[in-house]
Amino acid sequence: MQTEGAITIRPLRPGEYSLLAGWVYEAIFVPEGVAKPPRDIVREPALQAYWHGFGERPDDRALCAEASRRLVGAVWVRQMQGYGFVSDRVPELSMALAPDWRGRGIGTRLLRTMLSWLRSEEVRQVSLSVQRANRAAWRLYDRFGFRIVEEGDGECVMLCDLDSLPGGGSAGDTASLPIGAERIRREAAAVGFDLCGICRPVRFEAERRFFDGWLERGCDAGLGYLRRNVEKRFDVSALMPEARSVIVCAVAYRNDTSLGYGDAPDVPKVASYARCVDYHVSIKAMLAELAGRLVLQRDGIRFRTFADTAPLLEKRLAVAAGLGFIGRNKLLITPAFGSFVLLGELVIDRPVDRYDAPLSAGAGCGACRRCEEACPTGALTSGGLDARRCIARRTIERDPDTVPELAATAGLDTDGWIFGCDVCQSVCPYNRHVPPFRNERFRPLFHPADMAAEAWLALSEEAFENRFGATPMARAGLERIKRLLRRRDG
Ligand code: B12
Ligand code: SF4
Ligand code: SF4
């Protein structure tokens, strides 16, 4: 919010968009001595284009000037074919001030703030139409670098190149203006994410209570990091106090072993995500690229990127951002890619113009319990995932043989899995018809069918590093894999 004297420049709220019809009327320039047209002239199609359904298009943007709770001016931008039309890629700008508030520099502030905002949103040009006789407006636009591109009957079209804003566009002007959600989504897709949703920083109270009981029952299976930073895990604002928006991104990774090993049941099984470059690395790099494309640094926006390792309830945030629901397999299930998605978040200190809502209540598992029935170790319980029994826990995380909390389940068979486990996903009906990965970073680096138990057992540390060093398997290490295989044989 930009406040100066008694005037505040702020985004027009969705509930106020209907007022734009009135501002269109105020924007009509009437030379001295000429009678103003009737108010309902704004209902004519050519003028309706400026206000009707405002806010429904992703690139509609409006600011207003407020004085003592009264709106005294507005500037708004919309992609349309109005009087200032230049091309389908250049939005048109309109501005109006209440008659008794003109000549006080409010137009300058509105325009400066809007142009800075557009520039921070990577809009390259903006156009407008102005009457030649409207000298005050003319001078103002000229000062901000608008140049004439078309002259008509007393009226001309002006265009502004936002990259060369004269002295304007300082980051401070836009510090509290929302970033366009559609642009974020476009850029997220451009860096290779398959899904992107945005929510406000959420505090998860019910989950926190559930979690306390889960820990008490020992279901965390000695995963010490889950007991640390508990406050932060359930409250994004505790993790990053300046957070205003959480951009949750997901990348799809289904490959040819995600749905099972079919007729090769004796192959030592590796979870399908672990056949690729470690997603912590890939997703972090994609999030950094996303931040770069959104030019967050240039605009002084503070942000942090997260992928798996921080105390953040990633699946629940994904639900809040409308990406999917949590299934009985305890994973996020998305309508388009099922549960075969990996998550990462970009948390920023700026609001976004449109937040997503969770999916409708209808989304869920219904009466299905296939994952619970199929889990080889009975780890999926109504009280949450019992990580002590979960094969993923036992093969990916700290060696179970060295963790006292796992003494009671020592020697539990991992059902042929040597790293991770996909059973509760491969049986899920939501995963049956999902498309394979599209992002090349998630192309598998090896096929488990090429690695019989003997091949694993004969592998040297050096060869393991060369072939599997980039995958998440490097985390568990070769020795652990060999031990699992020997135990199975013995
Ligand atoms: C710790 C962890 C594990 C642990 C523990 C798993 C677990 N479910 O907690 C282990 C090593 C076992 C594991 C395994 C896997 N993981 Co993991 N894991 C994580 C991590 C780092 C934290 C999860 C966490 O907070 N767990 C604590 C528990 C209690 O939380 P929770 O299951 O989310 O449960 C909360 C809610 O479900 C809810 N809840 C559940 N029941 C109920 C009931 C009520 C009444 C209420 C109110 C709330 C509630 O409250 C809980 C919080 O208290 C996240 C990344 C992250 N930072 O979020 C990845 C993450 C969850 N893992 C992921 C993956 C891919 C896996 C595996 C599929 C890997 C594999 N193929 O082997 C398996 C799947 C196992 C499974 N079925 O859950 C992905 C999941 C993507 C997705 N589609 O959901 C994540 C998000 C990583 C990522 N960045 O993509 N994982
Ligand atoms: S990952 Fe495997 S062991 Fe863990 S809950 Fe799913 S099916 Fe069960
Ligand atoms: S297998 Fe069935 S119960 Fe399990 S997550 Fe999928 S739909 Fe839900």
# chains A, B, ... in the order shown; residues from 1 in each chain; ligands from 1
$ residues_near_ligand --ligand "ligand 1" --cutoff "6 Å" --atoms "only C-alpha atoms and all ligand atoms" --output "PyMOL selection string"
chain A and resi 206-208+210-211+271+307-315+329-333+339-344+384-385+387+390+392-393+397+420-422
$ residues_near_ligand --ligand "ligand 3" --cutoff "12 Å" --atoms "only C-alpha atoms and all ligand atoms" --output "number ranges by chain"
A: 324-335, 338-340, 363-375, 380-382, 422-432
$ atom_distance --atom1 "atom CA of Ala243 of chain A" --atom2 "atom CA of Ile348 of chain A"
5.5 Å
$ residues_around --residues "Ala74 of chain A" --least-positions-apart "3" --cutoff "6 Å" --atoms "only C-alpha atoms" --output "CSV table (one decimal) with C-alpha atoms, in the first residue's frame"
chain,number,residue,atom,x,y,z
A,63,LEU,CA,-5.6,0.4,-8.7
A,64,CYS,CA,-7.5,3.1,-6.9
A,95,MET,CA,-7.6,6.4,-15.8
A,96,ALA,CA,-10.1,8.6,-14.1
$ select_by_dssp --residues "segment 229-453 of chain A" --states "strand (DSSP E or B)" --output "ChimeraX atom specification"
/A:235,245-252,269-270,303-306,325-326,332-334,338,341-348,352,380-381,384-385,417-419
$ residues_around --residues "segment 145-156 of chain A" --least-positions-apart "2" --cutoff "7 Å" --atoms "only C-alpha atoms" --output "list in words"
Ser129, Val130, Gln131, Arg132, Tyr141, Asp142, Arg143, Met158, Leu159, Cys160, Leu165 and Pro166 of chain A
$ residues_around --residues "Glu121 of chain A" --least-positions-apart "2" --cutoff "8 Å" --atoms "only C-alpha atoms" --output "list in words"
Trp117, Leu118, Arg119, Val123, Ile179, Gly180, Arg183 and Leu294 of chain A
$ residues_around --residues "segment 276-292 of chain A" --least-positions-apart "4" --cutoff "10 Å" --atoms "only C-alpha atoms" --output "ChimeraX atom specification"
/A:184-193,247,249-251,253,255,272,296-298,301,303-309,342-348,440-446,468-475
$ residues_around --residues "Pro351 of chain A" --least-positions-apart "6" --cutoff "6 Å" --atoms "only C-alpha atoms" --output "list in words"
Pro178, Arg244 and Ser245 of chain A
$ write_last_selection --atoms "N, CA and C atoms" --output "CSV table (one decimal), in the first residue's frame"
chain,number,residue,atom,x,y,z
A,178,PRO,N,-0.2,-7.0,-5.7
A,178,PRO,CA,-0.1,-8.4,-5.9
A,178,PRO,C,0.5,-8.8,-7.2
A,244,ARG,N,3.7,-14.2,2.5
A,244,ARG,CA,2.3,-13.7,2.1
A,244,ARG,C,1.6,-14.7,1.2
A,245,SER,N,2.4,-15.5,0.4
A,245,SER,CA,1.8,-16.4,-0.5
A,245,SER,C,2.7,-17.6,-0.6
$ select_by_dssp --residues "segment 58-124 of chain A" --states "alpha helix (DSSP H)" --output "list of chain:residue names"
A:Ile106, A:Gly107, A:Thr108, A:Arg109, A:Leu110, A:Leu111, A:Arg112, A:Thr113, A:Met114, A:Leu115, A:Ser116, A:Trp117, A:Leu118, A:Arg119, A:Ser120
$ write_last_selection --atoms "C-alpha atoms" --output "mmCIF file, in the first residue's frame"
data_model
loop_
_atom_site.group_PDB
_atom_site.id
_atom_site.type_symbol
_atom_site.label_atom_id
_atom_site.label_comp_id
_atom_site.auth_asym_id
_atom_site.auth_seq_id
_atom_site.Cartn_x
_atom_site.Cartn_y
_atom_site.Cartn_z
ATOM 1 C CA ILE A 106 -3.076 11.834 -7.717
ATOM 2 C CA GLY A 107 -3.070 10.911 -11.410
ATOM 3 C CA THR A 108 0.725 10.962 -11.404
ATOM 4 C CA ARG A 109 0.870 8.619 -8.428
ATOM 5 C CA LEU A 110 -1.735 6.274 -9.825
ATOM 6 C CA LEU A 111 0.019 6.123 -13.169
ATOM 7 C CA ARG A 112 3.498 5.697 -11.700
ATOM 8 C CA THR A 113 2.334 2.876 -9.464
ATOM 9 C CA MET A 114 0.463 1.124 -12.263
ATOM 10 C CA LEU A 115 3.393 1.341 -14.665
ATOM 11 C CA SER A 116 5.782 -0.002 -12.012
ATOM 12 C CA TRP A 117 3.380 -2.806 -11.284
ATOM 13 C CA LEU A 118 3.037 -3.724 -14.945
ATOM 14 C CA ARG A 119 6.781 -3.682 -15.342
ATOM 15 C CA SER A 120 7.302 -5.918 -12.341
#
$ atom_distance --atom1 "atom CA of Ala67 of chain A" --atom2 "atom CA of Ala6 of chain A"
5.7 Å
$ atom_distance --atom1 "atom CA of Asp60 of chain A" --atom2 "atom CA of Ser94 of chain A"
11.7 Å
$ closest_residue --among "A:Cys219, A:Val90, A:Ala21, A:Val319" --to "ligand 2" --atoms "only C-alpha atoms and all ligand atoms"
A:Cys219
$ closest_residue --among "A:Arg389, A:Lys269, A:Arg316, A:Arg486" --to "ligand 2" --atoms "only C-alpha atoms and all ligand atoms"
A:Arg389
$ closest_residue --among "A:Pro400, A:Gly22, A:Pro265, A:Pro14" --to "Arg61 of chain A" --atoms "only C-alpha atoms"
A:Pro14
$ closest_residue --among "A:Trp138, A:Phe204, A:Trp417, A:Phe85" --to "ligand 2" --atoms "only C-alpha atoms and all ligand atoms"
A:Trp417
$ decode --residues "segment 172-205 of chain A" --atoms "C-alpha atoms" --output "PDB file, in the first residue's frame"
ATOM      1  CA  GLY A 172       9.264   0.380  -3.547  1.00  0.00           C
ATOM      2  CA  ASP A 173       6.247   1.440  -5.567  1.00  0.00           C
ATOM      3  CA  THR A 174       5.093  -2.087  -6.054  1.00  0.00           C
ATOM      4  CA  ALA A 175       6.067  -3.555  -2.707  1.00  0.00           C
ATOM      5  CA  SER A 176       2.536  -4.435  -1.672  1.00  0.00           C
ATOM      6  CA  LEU A 177       0.926  -4.937  -5.054  1.00  0.00           C
ATOM      7  CA  PRO A 178      -0.144  -8.441  -5.914  1.00  0.00           C
ATOM      8  CA  ILE A 179       1.716 -10.593  -8.388  1.00  0.00           C
ATOM      9  CA  GLY A 180      -0.473 -12.016 -11.143  1.00  0.00           C
ATOM     10  CA  ALA A 181      -1.354 -15.660 -10.458  1.00  0.00           C
ATOM     11  CA  GLU A 182      -1.682 -16.419 -14.158  1.00  0.00           C
ATOM     12  CA  ARG A 183       1.849 -15.227 -14.838  1.00  0.00           C
ATOM     13  CA  ILE A 184       3.157 -17.375 -11.986  1.00  0.00           C
ATOM     14  CA  ARG A 185       1.353 -20.380 -13.454  1.00  0.00           C
ATOM     15  CA  ARG A 186       2.703 -19.681 -16.942  1.00  0.00           C
ATOM     16  CA  GLU A 187       6.260 -19.403 -15.670  1.00  0.00           C
ATOM     17  CA  ALA A 188       5.891 -22.507 -13.494  1.00  0.00           C
ATOM     18  CA  ALA A 189       4.810 -24.432 -16.601  1.00  0.00           C
ATOM     19  CA  ALA A 190       7.706 -22.937 -18.563  1.00  0.00           C
ATOM     20  CA  VAL A 191      10.275 -24.246 -16.071  1.00  0.00           C
ATOM     21  CA  GLY A 192       8.748 -27.719 -16.246  1.00  0.00           C
ATOM     22  CA  PHE A 193       6.193 -27.993 -13.452  1.00  0.00           C
ATOM     23  CA  ASP A 194       3.032 -29.854 -14.362  1.00  0.00           C
ATOM     24  CA  LEU A 195       0.871 -28.237 -11.702  1.00  0.00           C
ATOM     25  CA  CYS A 196       0.941 -24.989  -9.803  1.00  0.00           C
ATOM     26  CA  GLY A 197      -1.485 -23.719  -7.172  1.00  0.00           C
ATOM     27  CA  ILE A 198      -1.262 -20.803  -4.802  1.00  0.00           C
ATOM     28  CA  CYS A 199      -2.506 -20.428  -1.236  1.00  0.00           C
ATOM     29  CA  ARG A 200      -2.004 -18.046   1.640  1.00  0.00           C
ATOM     30  CA  PRO A 201       0.363 -19.115   4.431  1.00  0.00           C
ATOM     31  CA  VAL A 202      -1.689 -21.664   6.324  1.00  0.00           C
ATOM     32  CA  ARG A 203      -1.701 -22.672   9.975  1.00  0.00           C
ATOM     33  CA  PHE A 204      -2.756 -26.313  10.336  1.00  0.00           C
ATOM     34  CA  GLU A 205      -4.373 -26.695  13.764  1.00  0.00           C
TER      35      GLU A 205
END
